[in-house]
Structure formats: structure tokens, C-alpha cells
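Engineer: File follows, start.cif with mmCIF, C-alpha atoms:
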```
data_upload
#
loop_
_atom_site.label_atom_id
_atom_site.label_comp_id
_atom_site.auth_asym_id
_atom_site.auth_seq_id
_atom_site.Cartn_x
_atom_site.Cartn_y
_atom_site.Cartn_z
CA MET T 17 -13.20 -15.14 10.43
CA ILE T 18 -13.24 -12.87 7.36
CA ARG T 19 -16.68 -11.74 6.25
CA PHE T 20 -17.79 -10.14 2.99
CA ASP T 21 -21.17 -8.50 3.33
CA ASP T 22 -22.86 -7.47 0.06
CA VAL T 23 -19.55 -6.29 -1.42
CA ALA T 24 -19.42 -4.66 -4.84
CA PHE T 25 -16.19 -3.63 -6.53
CA ALA T 26 -14.99 -2.43 -9.93
CA TYR T 27 -11.63 -1.01 -11.04
CA GLY T 28 -12.48 2.62 -11.82
CA GLU T 29 -15.25 2.88 -14.36
CA GLY T 30 -14.68 -0.67 -15.61
CA ALA T 31 -17.00 -3.64 -15.44
CA PRO T 32 -17.77 -4.87 -11.92
CA VAL T 33 -15.49 -7.62 -10.66
CA LEU T 34 -17.73 -8.37 -7.67
CA ALA T 35 -21.39 -7.50 -7.14
CA GLY T 36 -23.39 -8.43 -4.06
CA ALA T 37 -20.64 -10.72 -2.79
CA THR T 38 -21.52 -12.22 0.60
CA LEU T 39 -19.17 -14.78 2.07
CA ASP T 40 -17.78 -16.06 5.37
CA ILE T 41 -14.25 -17.42 5.45
CA PRO T 42 -13.78 -19.43 8.65
CA PRO T 43 -10.46 -20.69 10.13
CA GLY T 44 -8.57 -23.29 8.14
CA LEU T 45 -7.10 -23.28 4.64
CA THR T 46 -9.39 -21.94 1.94
CA LEU T 47 -8.30 -22.20 -1.67
CA LEU T 48 -9.37 -19.56 -4.16
CA LEU T 49 -9.59 -21.22 -7.55
CA GLY T 50 -10.68 -20.24 -11.02
CA PRO T 51 -9.48 -19.10 -14.43
CA ASN T 52 -7.37 -15.98 -14.95
CA GLY T 53 -9.31 -12.76 -14.52
CA CYS T 54 -12.27 -14.26 -12.68
CA GLY T 55 -11.62 -12.05 -9.62
CA LYS T 56 -9.61 -14.28 -7.27
CA SER T 57 -6.82 -11.80 -6.60
CA THR T 58 -9.32 -8.94 -6.34
CA LEU T 59 -11.19 -10.87 -3.65
CA LEU T 60 -7.87 -11.34 -1.84
CA LYS T 61 -7.02 -7.62 -2.14
CA LEU T 62 -10.42 -6.70 -0.74
CA ALA T 63 -9.87 -9.10 2.18
CA ALA T 64 -6.43 -7.54 2.76
CA GLY T 65 -7.76 -3.98 2.73
CA VAL T 66 -5.63 -3.06 -0.29
CA GLU T 67 -8.70 -2.27 -2.38
CA LYS T 68 -11.76 -0.55 -0.92
CA PRO T 69 -15.20 -1.93 -1.81
CA ASP T 70 -17.49 0.41 -3.72
CA ARG T 71 -20.35 -0.93 -1.62
CA GLY T 72 -20.74 -3.30 1.33
CA ARG T 73 -18.39 -4.23 4.16
CA VAL T 74 -15.38 -6.44 4.67
CA GLU T 75 -14.88 -7.52 8.29
CA VAL T 76 -11.99 -9.24 10.02
CA ASP T 77 -13.03 -10.81 13.32
CA GLY T 78 -16.04 -8.47 13.35
CA LEU T 79 -13.96 -5.32 12.74
CA ASP T 80 -14.76 -3.30 9.63
CA LEU T 81 -11.57 -3.02 7.52
CA TRP T 82 -12.34 0.57 6.54
CA MET T 83 -13.96 1.91 9.73
CA GLU T 84 -11.37 0.48 12.14
CA GLU T 85 -8.44 0.43 9.73
CA ALA T 86 -5.46 -0.16 12.04
CA LYS T 87 -7.23 -2.45 14.52
CA ALA T 88 -8.78 -4.69 11.87
CA ARG T 89 -5.46 -5.04 10.00
CA ARG T 90 -3.38 -5.90 13.09
CA SER T 91 -3.98 -9.65 12.61
CA LEU T 92 -3.69 -9.58 8.79
CA ALA T 93 -0.73 -10.66 6.68
CA TYR T 94 -0.95 -10.33 2.91
CA VAL T 95 1.54 -11.65 0.36
CA PRO T 96 0.69 -10.32 -3.12
CA GLU T 97 1.69 -12.03 -6.34
CA HIS T 98 3.63 -8.95 -7.47
CA PRO T 99 5.22 -7.23 -4.45
CA ASP T 100 5.16 -3.44 -4.79
CA LEU T 101 7.55 -2.44 -2.02
CA THR T 102 8.67 1.17 -1.82
CA PRO T 103 11.94 1.33 -3.78
CA TYR T 104 14.14 3.44 -1.48
CA ALA T 105 13.69 1.36 1.69
CA THR T 106 15.84 -1.60 2.69
CA ILE T 107 14.29 -5.01 3.40
CA GLY T 108 15.34 -4.71 7.04
CA GLU T 109 13.56 -1.36 7.37
CA ILE T 110 10.36 -2.70 5.82
CA VAL T 111 10.23 -5.76 8.08
CA THR T 112 11.02 -3.55 11.10
CA LEU T 113 8.21 -1.18 10.08
CA VAL T 114 5.80 -4.13 9.93
CA ALA T 115 6.94 -5.34 13.38
CA ARG T 116 6.45 -1.84 14.85
CA LEU T 117 3.00 -1.44 13.30
CA ARG T 118 1.91 -4.87 14.52
CA GLY T 119 3.27 -4.06 18.00
CA GLU T 120 5.64 -7.03 17.87
CA PRO T 121 9.10 -7.13 19.53
CA LEU T 122 11.89 -6.24 17.12
CA ASP T 123 13.84 -9.43 17.85
CA GLY T 124 11.27 -11.23 15.69
CA VAL T 125 12.57 -9.33 12.65
CA ASP T 126 15.68 -11.50 12.30
CA ARG T 127 13.63 -14.68 12.68
CA ALA T 128 11.28 -13.52 9.92
CA LEU T 129 14.23 -12.63 7.66
CA ASP T 130 15.78 -16.04 8.34
CA PHE T 131 12.55 -17.83 7.48
CA ALA T 132 12.38 -16.11 4.11
CA GLY T 133 16.12 -16.58 3.51
CA VAL T 134 16.78 -12.87 3.06
CA ARG T 135 18.70 -12.01 6.23
CA ALA T 136 21.87 -11.43 4.22
CA LEU T 137 19.95 -8.93 2.09
CA ALA T 138 18.51 -6.99 5.03
CA GLY T 139 20.63 -3.93 4.27
CA HIS T 140 19.89 -3.91 0.54
CA SER T 141 17.38 -1.47 -0.90
CA VAL T 142 14.36 -2.90 -2.68
CA ARG T 143 15.65 -1.47 -5.99
CA GLU T 144 18.59 -3.88 -5.87
CA LEU T 145 16.47 -7.01 -5.54
CA SER T 146 15.04 -9.44 -8.06
CA MET T 147 11.32 -10.15 -8.13
CA GLY T 148 11.89 -13.47 -6.35
CA GLN T 149 13.84 -11.73 -3.56
CA ARG T 150 11.08 -9.11 -3.23
CA ARG T 151 8.54 -11.90 -2.84
CA ARG T 152 10.67 -13.42 -0.10
CA ALA T 153 10.86 -10.02 1.61
CA VAL T 154 7.07 -9.78 1.66
CA LEU T 155 6.94 -13.35 2.97
CA ALA T 156 9.28 -12.27 5.79
CA CYS T 157 6.86 -9.42 6.60
CA ALA T 158 4.00 -11.93 6.77
CA ARG T 159 5.99 -14.02 9.26
CA VAL T 160 6.38 -11.14 11.74
CA GLY T 161 4.37 -11.88 14.87
CA THR T 162 1.45 -14.28 14.80
CA PRO T 163 -1.04 -13.10 12.17
CA ARG T 164 -4.34 -14.95 12.44
CA HIS T 165 -5.51 -14.07 8.93
CA VAL T 166 -3.00 -14.89 6.22
CA LEU T 167 -3.73 -14.09 2.58
CA LEU T 168 -1.35 -15.57 0.03
CA ASP T 169 -1.42 -14.91 -3.72
CA GLU T 170 0.48 -17.65 -5.59
CA PRO T 171 2.79 -18.25 -2.59
CA LEU T 172 4.80 -21.03 -4.26
CA GLU T 173 5.49 -19.19 -7.50
CA ALA T 174 9.20 -18.61 -8.22
CA MET T 175 10.16 -20.54 -5.08
CA ASP T 176 12.76 -23.30 -5.00
CA ARG T 177 11.91 -26.71 -3.49
CA LEU T 178 13.25 -25.90 -0.02
CA ALA T 179 11.42 -22.59 0.14
CA ARG T 180 8.19 -24.27 -1.01
CA GLU T 181 8.51 -26.81 1.80
CA ASP T 182 9.06 -24.00 4.33
CA VAL T 183 5.97 -22.16 3.10
CA LEU T 184 3.84 -25.32 3.22
CA ALA T 185 5.10 -26.14 6.74
CA TRP T 186 4.20 -22.59 7.81
CA ILE T 187 0.72 -23.01 6.35
CA ASP T 188 0.38 -26.28 8.31
CA ASP T 189 1.35 -24.42 11.51
CA LEU T 190 -1.18 -21.67 10.78
CA VAL T 191 -3.95 -24.17 10.12
CA GLY T 192 -2.99 -25.98 13.33
CA CYS T 193 -3.39 -22.68 15.22
CA GLU T 194 -6.92 -22.17 13.84
CA SER T 195 -5.83 -19.24 11.67
CA VAL T 196 -7.70 -18.17 8.54
CA VAL T 197 -5.48 -18.94 5.54
CA LEU T 198 -6.72 -17.87 2.12
CA VAL T 199 -4.60 -18.97 -0.83
CA VAL T 200 -4.87 -18.10 -4.51
CA SER T 201 -2.97 -20.66 -6.54
CA HIS T 202 -3.16 -22.29 -9.93
CA ASP T 203 -1.04 -25.06 -8.50
CA ILE T 204 -3.63 -26.76 -6.28
CA GLU T 205 -1.92 -30.11 -5.70
CA PRO T 206 0.34 -28.95 -2.81
CA PHE T 207 -2.68 -27.43 -1.05
CA ALA T 208 -5.43 -29.91 -1.87
CA ALA T 209 -4.75 -32.24 1.04
CA ARG T 210 -4.52 -29.31 3.45
CA ALA T 211 -7.54 -27.31 2.25
CA ALA T 212 -10.78 -27.29 4.19
CA ARG T 213 -12.74 -25.65 1.40
CA ALA T 214 -12.40 -23.97 -1.99
CA ILE T 215 -13.99 -20.85 -3.40
CA THR T 216 -14.25 -19.51 -6.91
CA VAL T 217 -15.77 -16.37 -8.41
CA ARG T 218 -18.57 -16.87 -10.92
CA ALA T 219 -20.78 -14.14 -12.37
CA GLN T 220 -19.22 -11.59 -9.96
CA ARG T 221 -20.13 -13.66 -6.88
CA PRO T 222 -18.00 -15.97 -4.76
CA VAL T 223 -19.16 -19.57 -4.87
CA VAL T 224 -18.05 -22.13 -2.28
CA LEU T 225 -17.00 -25.33 -4.01
CA ASP T 226 -17.88 -28.27 -1.85
CA PRO T 227 -16.49 -30.83 -1.42
CA LEU T 228 -12.89 -30.08 -2.36
CA PRO T 229 -11.81 -33.65 -3.24
CA ALA T 230 -14.29 -33.61 -6.12
CA ILE T 231 -12.51 -30.57 -7.60
CA LEU T 232 -9.18 -32.27 -7.28
CA ALA T 233 -10.56 -35.43 -8.88
CA GLU T 234 -12.01 -33.36 -11.71
CA ARG T 235 -8.68 -31.58 -12.24
CA ARG T 236 -6.79 -34.86 -12.23
CA SER T 237 -9.16 -36.43 -14.73
CA ARG T 238 -8.85 -33.32 -16.92
CA LEU T 239 -5.07 -33.60 -16.81
CA GLU T 240 -5.29 -37.27 -17.72
CA GLU T 241 -7.66 -36.39 -20.56
CA MET T 242 -5.18 -33.79 -21.84
CA ALA T 243 -2.36 -36.33 -21.64
CA ARG T 244 -4.24 -39.04 -23.58
CA PRO T 245 -3.95 -37.68 -27.17
CA ALA T 246 -0.29 -36.92 -26.53
CA SER T 247 0.43 -40.52 -25.52
CA GLY T 248 -1.66 -41.69 -28.48
CA LEU T 249 0.55 -39.73 -30.88
CA ALA T 250 3.64 -41.19 -29.30
CA MET J 4 11.71 6.11 3.68
CA ALA J 5 10.28 9.33 2.29
CA TRP J 6 13.42 11.12 3.48
CA ARG J 7 15.66 8.60 1.68
CA ALA J 8 13.55 8.92 -1.47
CA LEU J 9 13.92 12.70 -1.47
CA GLY J 10 17.27 13.32 0.26
CA THR J 11 18.41 16.90 -0.04
CA ARG J 12 15.79 17.43 -2.77
CA VAL J 13 13.41 18.31 0.03
CA PHE J 14 15.41 21.54 0.54
CA THR J 15 16.21 22.29 -3.09
CA ALA J 16 12.51 21.85 -3.90
CA ALA J 17 11.60 24.29 -1.14
CA TRP J 18 14.08 26.84 -2.51
CA GLY J 19 11.74 27.31 -5.46
CA GLY J 20 9.60 29.21 -2.99
CA LEU J 21 12.37 31.75 -2.50
CA LEU J 22 11.76 33.18 -5.98
CA PRO J 23 8.42 34.88 -5.17
CA LEU J 24 9.82 36.05 -1.83
CA GLY J 25 12.88 37.50 -3.56
CA ALA J 26 10.60 39.28 -6.03
CA VAL J 27 8.57 40.72 -3.14
CA ALA J 28 11.74 41.87 -1.35
CA LEU J 29 12.84 43.70 -4.53
CA PHE J 30 9.34 45.16 -4.94
CA LEU J 31 9.43 46.51 -1.39
CA ALA J 32 12.95 47.93 -1.80
CA ASN J 33 12.16 49.74 -5.04
CA ASN J 34 8.74 51.20 -4.30
CA THR J 35 7.34 53.62 -1.77
CA LEU J 36 4.43 51.75 -0.22
CA THR J 37 2.09 52.25 2.69
CA ALA J 38 2.21 49.63 5.46
CA LEU J 39 -1.05 48.11 4.18
CA GLN J 40 0.26 47.84 0.60
CA ALA J 41 3.53 46.33 1.79
CA GLY J 42 1.67 43.82 3.97
CA LEU J 43 -0.53 42.74 1.08
CA ALA J 44 2.47 42.35 -1.21
CA VAL J 45 4.30 40.20 1.34
CA ARG J 46 1.18 38.11 1.94
CA LEU J 47 0.79 37.54 -1.79
CA GLY J 48 4.46 36.65 -2.29
CA GLY J 49 4.52 34.46 0.83
CA GLY J 50 1.40 32.58 -0.26
CA ALA J 51 2.88 31.96 -3.70
CA ALA J 52 6.14 30.82 -2.10
CA LEU J 53 4.33 28.42 0.22
CA VAL J 54 2.23 26.80 -2.51
CA LEU J 55 5.20 26.57 -4.88
CA ALA J 56 7.37 24.93 -2.21
CA CYS J 57 4.70 22.38 -1.21
CA ALA J 58 3.99 21.51 -4.84
CA ASN J 59 7.74 21.24 -5.55
CA ILE J 60 8.21 18.76 -2.70
CA ALA J 61 5.10 16.70 -3.46
CA GLU J 62 6.02 16.21 -7.13
CA PRO J 63 9.38 14.42 -6.70
CA LEU J 64 8.12 12.54 -3.64
CA ALA J 65 5.22 11.10 -5.66
CA ALA J 66 7.61 10.15 -8.46
CA ARG J 67 10.42 8.68 -6.34
CA ARG J 68 8.27 6.97 -3.74
CA PRO J 69 5.32 5.80 -5.83
CA ALA J 70 2.03 4.52 -4.43
CA TRP J 71 2.63 1.43 -2.36
CA PRO J 72 -0.66 -0.50 -2.34
CA TRP J 73 0.68 -3.41 -0.25
CA SER J 74 1.29 -1.02 2.66
CA ARG J 75 -2.48 -0.53 2.91
CA SER J 76 -2.71 -4.07 4.31
CA LEU J 77 -0.56 -3.01 7.30
CA PRO J 78 -2.12 -1.86 10.56
CA TRP J 79 -1.96 1.88 10.04
CA SER J 80 -4.69 4.15 8.82
CA ALA J 81 -4.73 6.12 5.57
CA ALA J 82 -5.00 9.28 7.69
CA ARG J 83 -1.76 8.41 9.50
CA ARG J 84 0.10 7.91 6.21
CA VAL J 85 -1.16 11.25 4.88
CA ILE J 86 -0.19 13.00 8.15
CA PHE J 87 3.40 11.68 7.85
CA ASP J 88 3.69 13.03 4.31
CA ALA J 89 2.04 16.33 5.23
CA CYS J 90 4.58 16.83 8.05
CA LEU J 91 7.47 16.18 5.66
CA ILE J 92 6.07 18.78 3.28
CA ALA J 93 5.20 21.30 6.01
CA VAL J 94 8.60 21.49 7.74
CA PRO J 95 10.54 23.11 4.86
CA ALA J 96 7.46 25.23 4.08
CA LEU J 97 7.62 26.65 7.61
CA ALA J 98 11.14 27.93 6.84
CA LEU J 99 9.58 30.07 4.12
CA VAL J 100 7.02 31.39 6.60
CA ALA J 101 9.93 32.41 8.84
CA ILE J 102 11.52 34.31 5.93
CA THR J 103 8.17 35.96 5.24
CA ALA J 104 8.01 37.01 8.89
CA ARG J 105 11.35 38.81 8.43
CA LEU J 106 9.71 40.88 5.68
CA ASP J 107 6.42 41.48 7.51
CA SER J 108 5.47 39.64 10.70
CA GLY J 109 1.80 40.54 10.31
CA ALA J 110 1.66 38.91 6.87
CA ALA J 111 3.36 35.73 8.14
CA LEU J 112 0.61 34.91 10.64
CA PRO J 113 -2.18 34.10 8.15
CA LEU J 114 0.42 32.31 6.06
CA ALA J 115 1.41 30.07 8.98
CA ALA J 116 -2.26 29.29 9.51
CA ILE J 117 -2.66 27.87 5.99
CA VAL J 118 0.54 25.75 6.05
CA PRO J 119 -1.30 22.62 7.33
CA LEU J 120 -4.03 23.06 4.72
CA VAL J 121 -1.58 23.35 1.80
CA ALA J 122 0.59 20.52 3.17
CA PHE J 123 -2.39 18.15 3.51
CA ARG J 124 -3.66 19.16 0.08
CA SER J 125 -0.23 18.36 -1.42
CA ALA J 126 0.06 15.04 0.49
CA GLY J 127 -3.41 14.04 -0.72
CA ALA J 128 -2.53 15.03 -4.29
CA MET J 129 0.42 12.61 -4.24
CA ARG J 130 -2.01 9.69 -3.91
CA ARG J 131 -4.02 10.83 -6.90
CA ALA J 132 -0.96 11.75 -8.98
CA PRO J 133 -0.82 8.55 -11.11
CA GLU J 134 -4.40 9.13 -12.34
CA ARG J 135 -3.82 12.81 -13.20
CA GLY J 136 -2.13 14.46 -16.13
CA MET J 137 -0.85 17.28 -13.91
CA GLY J 138 1.03 15.07 -11.44
CA ALA J 139 1.20 15.81 -7.74
CA ALA J 140 2.14 19.49 -8.16
CA GLY J 141 -0.82 20.30 -10.35
CA ASP J 142 -3.41 19.86 -7.65
CA PRO J 143 -2.09 22.36 -5.05
CA LEU J 144 -1.13 24.83 -7.80
CA SER J 145 -4.53 24.78 -9.54
CA TRP J 146 -6.35 24.78 -6.21
CA SER J 147 -4.47 27.82 -4.92
CA ALA J 148 -4.93 29.67 -8.20
#
```
Have the structure of the file written as C-alpha cells, please.
Structural biologist:
Amino acid sequence: MIRFDDVAFAYGEGAPVLAGATLDIPPGLTLLLGPNGCGKSTLLKLAAGVEKPDRGRVEVDGLDLWMEEAKARRSLAYVPEHPDLTPYATIGEIVTLVARLRGEPLDGVDRALDFAGVRALAGHSVRELSMGQRRRAVLACARVGTPRHVLLDEPLEAMDRLAREDVLAWIDDLVGCESVVLVVSHDIEPFAARAARAITVRAQRPVVLDPLPAILAERRSRLEEMARPASGLA
Amino acid sequence: MAWRALGTRVFTAAWGGLLPLGAVALFLANNTLTALQAGLAVRLGGGAALVLACANIAEPLAARRPAWPWSRSLPWSAARRVIFDACLIAVPALALVAITARLDSGAALPLAAIVPLVAFRSAGAMRRAPERGMGAAGDPLSWSA
């Protein structure tokens, strides 16, 4: 369970992105939906402990992310949209670091690299890699051990069909193991059937959208509506 | 990773601290000073050397191994990350304390005592470097001044 308790956050002196956000994210797949800039990725960063709330608490299984930093993050895996890995390390070193910090055996490193399809690149420094390869490296880090809270920002972006299927199968496994999976994606179709709930951010507060099928139906009808004038012109 | 980012720069950056110590050595060789005056001169030169070395290491480290926000999601504390960086900065700085001790052992003791403080200050400054006009070196230099 990930819990936001009266969380407020702004980037520097800018306008608040979240104010008084209170939310429980239980096990299962939760989709984070909404237009660009509404605060989806910020909510994910706060849940991952990458950004620190200006006010309030973020808890992972009852552990405060900022009071019990290492312990609370032990079960977390975060895959950002734009991976910002340190440039002078190799992929192998980064995945090994993650395994050490999570207290996982190092033989899981190769499995994680295999899953992400970057085992052949293990000795390459991050500077040598494309953005897609960096994303795969971060995905490999997320696969180390058995994280129970997985936070994915646009996990299917820049992925080929096979890789997308692997990621979706992994999400199915996680959901089957009662893990908390929080996904930000503009591409909701692959996740809609798997999602237990959806959340958006409106007026600086998270809003649970319930039920999910209604959102999907609305999106589909909107797509059909958009397609209609085009077919009319044809 | 920090070591790979810096390489031998960690030593060349620390050599910058030799300049004040060299100046102090020349000052001692060319002037007739009491023990107290000599001790104060060595303490001043050693302090300048220490701050210069720490600032010189922090600056390229902040530039070559920029802030890595994703790593904050890993199970290690911010304090642990700062301690790692402070140790990397402190080790070459201790070499300068040893050189200072060759000039005046009494002056080296208070200098050794402030090594952790300057190293932590420099490691902390690296995290704030992107938001500052002065970079990572500016903080320890302005603070010590």
C-alpha cells in the first residue's frame, strides 16, 4: 500500500502541483491518467521518493519515505520516462548496485539484464547508450529482486512489440503477486483490461476515477468521434 | 562511479592545494619568525590549501557526475550518498594535512579536525551546484572566506 497523507508539492517557487493530496494506492494495477502537465509524473516521483513533499507524508507499507529512507525504498522499483543514469557507470555496475542495495543475490543481475535485453551491453557505459537502451537498463534495475511497489512512467514508450509483451507479462505477474503497480501512460488500451482502478490529478488533488471501464468507453467514443469527420471527408 | 567520473583528476585537483603550502614554505624560509608566528602562518596556509583542494575536487565531480535523481528511489539514504562523496573528497585532502604536519605538526592538528567539516560542506555543495551560479566550488570557498 502506498499512502499520500495531506501532501503538498511545488517545483521551487512555482505554482503548486499538488496541495492537500490524500490518497491510498492498494495492491493491483492503478493507472494514472490525465492531460500533459496535470501532475501524473510528479505524483509518481513523490511515490518513488525522487521528489520530497513540501508538506505531508508519503508512506510505503506504513514506512515514511523520508523518515525511514532506505527501509521504505527497499520494496520500491521506479522506471522514469526519461532515465537519468549517471554517465560514467556501466549498465552492469548500475544493476549490481541496485541488487546490493536491495540485499538481493548478485546472480539475479544477469536475469534482470536478460529480461530487459541488455545483457550484451552490460559492460557499456551509460554515455554510449541510446535513450531506448537507457530505458531498458532502468527496466532491468526494476526487475532485480521482487519489488512489491512498482512505479512505471510510460513503460511501453519506445519499446518494440516483443519488449511490450514482456513488460505486460511482468505487470501481470506483479498483479498476480498482490504487488502495487502504478502506471502513467497515455496509451491506456494495453492496461485497461488489467487495471483495477484509475487516478487523475484535478485542481492539485488526486481523484480516483471509478469505474475504469467507463473511462475506456469514453476514450473509445472520443476516438470514434475524432475519426468520424475524417471518414466523412473521404 | 565517482572514481571513474574523476579518474586521476582527483589528485590533480588536490594539487591546487599545494600552492598555498608552497607559498607558506617560502615565507618560512625567507623570514625570521617566532614559533607562534610560524605556526599561525602554517595554519593559515594549510587551511587555504584544504579548502582549495576540497573545492577543486567537488567542482569537476559535480560536473562529470551530475545529480542523479533516479538514484533517490533506491534503498539508500541521502546521508549515505553524501558520506560517500565526503570520503572521496577527504582522502586527498588528508594528504595535504600530512604535508602541513611536515611544516608544523602543531598547526596540522586543528587542520585535521576540520577536514570532515570541509569535506561534508563540499559534498553538500555538489547537490546544490545546478541551482547556483558559483557551482560546487563556490560554496566551500565563500563559506571559508
Engineer: One number please: atom CA of Ser80 of chain J to atom CA of His165 of chain T, in Å, one decimal.
Structural biologist: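 Interatomic distance here is 18.2 Å.
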Engineer: Evaluate the PyMOL selection byres ((chain T and resi 93) around 7) and record the selected residues as number ranges by chain, following the chain and residue labels used in the document.
Structural biologist: T: 91-92, 94-95, 158, 163, 165-167
Engineer: Expand the PyMOL selection byres ((chain T) within 7 of (chain J)) into the individual residues it matches in the shown file, reporting them as an NGL selection string.
Structural biologist: :T and (64-66 or 85-87 or 89-90 or 94 or 100-105 or 114 or 117-118)
Engineer: Which residues would end up in the selection if the PyMOL selection byres ((chain T and resi 194) around 8) were applied here, given that I need the answer as a compact mmCIF listing (two decimals) with C-alpha atoms, in the coordinates of the input?
Structural biologist:
```txt
# COMPACT_ATOMS: atom_id res chain seq x y z
CA PRO T 43 -10.46 -20.69 10.13
CA GLY T 44 -8.57 -23.29 8.14
CA ARG T 164 -4.34 -14.95 12.44
CA LEU T 190 -1.18 -21.67 10.78
CA VAL T 191 -3.95 -24.17 10.12
CA GLY T 192 -2.99 -25.98 13.33
CA CYS T 193 -3.39 -22.68 15.22
CA SER T 195 -5.83 -19.24 11.67
CA VAL T 196 -7.70 -18.17 8.54
```
Engineer: Just give me the gap between atom CA of Ala98 of chain J and atom CA of Glu62 of chain J in Å, one decimal is fine.
Structural biologist: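 Separating atom CA of Ala98 of chain J from atom CA of Glu62 of chain J is a distance of 18.9 Å.
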Engineer: In Å, with one decimal, what is the gap from atom CA of Arg124 of chain J to atom CA of Arg46 of chain J?
Structural biologist: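 Result for atom CA of Arg124 of chain J versus atom CA of Arg46 of chain J: 19.6 Å, one decimal.
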Engineer: Determine the nearest neighbour of Val199 of chain T from the options T:Glu84, T:Glu144, T:Glu181, T:Glu97, counting all atoms listed in the file.
Structural biologist: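 Of all the options, T:Glu97 lies closest to Val199 of chain T.
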Engineer: Kindly list the centre and edge lengths in Å, rounded to one decimal, for the axis-aligned box that covers all listed atoms of segment 185-197 of chain T plus 4 Å on each of its six sides, as lines of an AutoDock Vina configuration file.
Structural biologist:
```
center_x = -1.3
center_y = -22.2
center_z = 10.4
size_x = 20.8
size_y = 16.1
size_z = 17.7
```
Engineer: Tell me, as a short mmCIF file (atom, residue, chain, number, x, y, z; two decimals) with C-alpha atoms, in the frame of the given file, which residues lie within 9 Å of segment 105-109 of chain J, counting all atoms listed in the file; anything in the same chain fewer than 3 positions away does not count.
Structural biologist:
```cif
data_model
loop_
_atom_site.label_atom_id
_atom_site.label_comp_id
_atom_site.auth_asym_id
_atom_site.auth_seq_id
_atom_site.Cartn_x
_atom_site.Cartn_y
_atom_site.Cartn_z
CA LEU J 24 9.82 36.05 -1.83
CA VAL J 27 8.57 40.72 -3.14
CA ALA J 28 11.74 41.87 -1.35
CA ALA J 41 3.53 46.33 1.79
CA GLY J 42 1.67 43.82 3.97
CA VAL J 45 4.30 40.20 1.34
CA ARG J 46 1.18 38.11 1.94
CA VAL J 100 7.02 31.39 6.60
CA ALA J 101 9.93 32.41 8.84
CA ILE J 102 11.52 34.31 5.93
CA LEU J 112 0.61 34.91 10.64
CA PRO J 113 -2.18 34.10 8.15
#
```
Engineer: Find the residue from T:Asp40, T:Asp126, T:Glu75, T:Glu173 that sits nearest to Pro96 of chain T; use all atoms listed in the file when measuring.
Structural biologist: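 Among T:Asp40, T:Asp126, T:Glu75, T:Glu173, it is T:Glu173 that comes nearest to Pro96 of chain T.
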Engineer: Neighbouring residues of Ala52 of chain J were defined as those with any atom within 8 Å, considering only C-alpha atoms; residues of the same chain fewer than 4 positions away were excluded. Please report them as a PyMOL selection string.
Structural biologist: chain J and resi 19-24+48+56+99
Engineer: Taking 6 positions as the minimum chain separation for residues in the same chain, which residues sit within 12 Å of Leu137 of chain T when counting all atoms listed in the file? Answer as a PyMOL selection string.
Structural biologist: chain T and resi 106-109+111+126+129-130+143-146+149-150+152-153+156
Engineer: Supply segment 21-36 of chain J as a PDB file, keeping the file's coordinate frame, with N, CA and C atoms built in where the input has gaps.
Structural biologist:
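Written output follows (out.pdb):
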```pdb
ATOM      1  N   LEU J  21      11.636  30.503  -2.779  1.00  0.00           N
ATOM      2  CA  LEU J  21      12.370  31.750  -2.500  1.00  0.00           C
ATOM      3  C   LEU J  21      12.206  32.768  -3.634  1.00  0.00           C
ATOM      4  N   LEU J  22      11.880  32.268  -4.825  1.00  0.00           N
ATOM      5  CA  LEU J  22      11.760  33.180  -5.980  1.00  0.00           C
ATOM      6  C   LEU J  22      10.671  34.237  -5.761  1.00  0.00           C
ATOM      7  N   PRO J  23       9.442  33.846  -5.414  1.00  0.00           N
ATOM      8  CA  PRO J  23       8.420  34.880  -5.170  1.00  0.00           C
ATOM      9  C   PRO J  23       8.789  35.797  -4.009  1.00  0.00           C
ATOM     10  N   LEU J  24       9.436  35.216  -2.977  1.00  0.00           N
ATOM     11  CA  LEU J  24       9.820  36.050  -1.830  1.00  0.00           C
ATOM     12  C   LEU J  24      10.903  37.047  -2.212  1.00  0.00           C
ATOM     13  N   GLY J  25      11.826  36.612  -3.062  1.00  0.00           N
ATOM     14  CA  GLY J  25      12.880  37.500  -3.560  1.00  0.00           C
ATOM     15  C   GLY J  25      12.262  38.632  -4.374  1.00  0.00           C
ATOM     16  N   ALA J  26      11.267  38.270  -5.205  1.00  0.00           N
ATOM     17  CA  ALA J  26      10.600  39.280  -6.030  1.00  0.00           C
ATOM     18  C   ALA J  26       9.887  40.305  -5.142  1.00  0.00           C
ATOM     19  N   VAL J  27       9.275  39.826  -4.062  1.00  0.00           N
ATOM     20  CA  VAL J  27       8.570  40.720  -3.140  1.00  0.00           C
ATOM     21  C   VAL J  27       9.574  41.654  -2.439  1.00  0.00           C
ATOM     22  N   ALA J  28      10.716  41.064  -2.031  1.00  0.00           N
ATOM     23  CA  ALA J  28      11.740  41.870  -1.350  1.00  0.00           C
ATOM     24  C   ALA J  28      12.216  42.996  -2.273  1.00  0.00           C
ATOM     25  N   LEU J  29      12.419  42.687  -3.553  1.00  0.00           N
ATOM     26  CA  LEU J  29      12.840  43.700  -4.530  1.00  0.00           C
ATOM     27  C   LEU J  29      11.740  44.746  -4.725  1.00  0.00           C
ATOM     28  N   PHE J  30      10.487  44.259  -4.765  1.00  0.00           N
ATOM     29  CA  PHE J  30       9.340  45.160  -4.940  1.00  0.00           C
ATOM     30  C   PHE J  30       9.264  46.155  -3.784  1.00  0.00           C
ATOM     31  N   LEU J  31       9.473  45.638  -2.570  1.00  0.00           N
ATOM     32  CA  LEU J  31       9.430  46.510  -1.390  1.00  0.00           C
ATOM     33  C   LEU J  31      10.574  47.517  -1.393  1.00  0.00           C
ATOM     34  N   ALA J  32      11.753  47.078  -1.836  1.00  0.00           N
ATOM     35  CA  ALA J  32      12.950  47.930  -1.800  1.00  0.00           C
ATOM     36  C   ALA J  32      12.882  49.036  -2.845  1.00  0.00           C
ATOM     37  N   ASN J  33      12.147  48.794  -3.928  1.00  0.00           N
ATOM     38  CA  ASN J  33      12.160  49.740  -5.040  1.00  0.00           C
ATOM     39  C   ASN J  33      10.889  50.577  -5.193  1.00  0.00           C
ATOM     40  N   ASN J  34       9.989  50.440  -4.226  1.00  0.00           N
ATOM     41  CA  ASN J  34       8.740  51.200  -4.300  1.00  0.00           C
ATOM     42  C   ASN J  34       8.430  51.833  -2.957  1.00  0.00           C
ATOM     43  N   THR J  35       7.778  52.985  -3.013  1.00  0.00           N
ATOM     44  CA  THR J  35       7.340  53.620  -1.770  1.00  0.00           C
ATOM     45  C   THR J  35       5.907  53.155  -1.519  1.00  0.00           C
ATOM     46  N   LEU J  36       5.730  52.368  -0.485  1.00  0.00           N
ATOM     47  CA  LEU J  36       4.430  51.750  -0.220  1.00  0.00           C
ATOM     48  C   LEU J  36       3.945  52.088   1.178  1.00  0.00           C
TER      49      LEU J  36
END
```
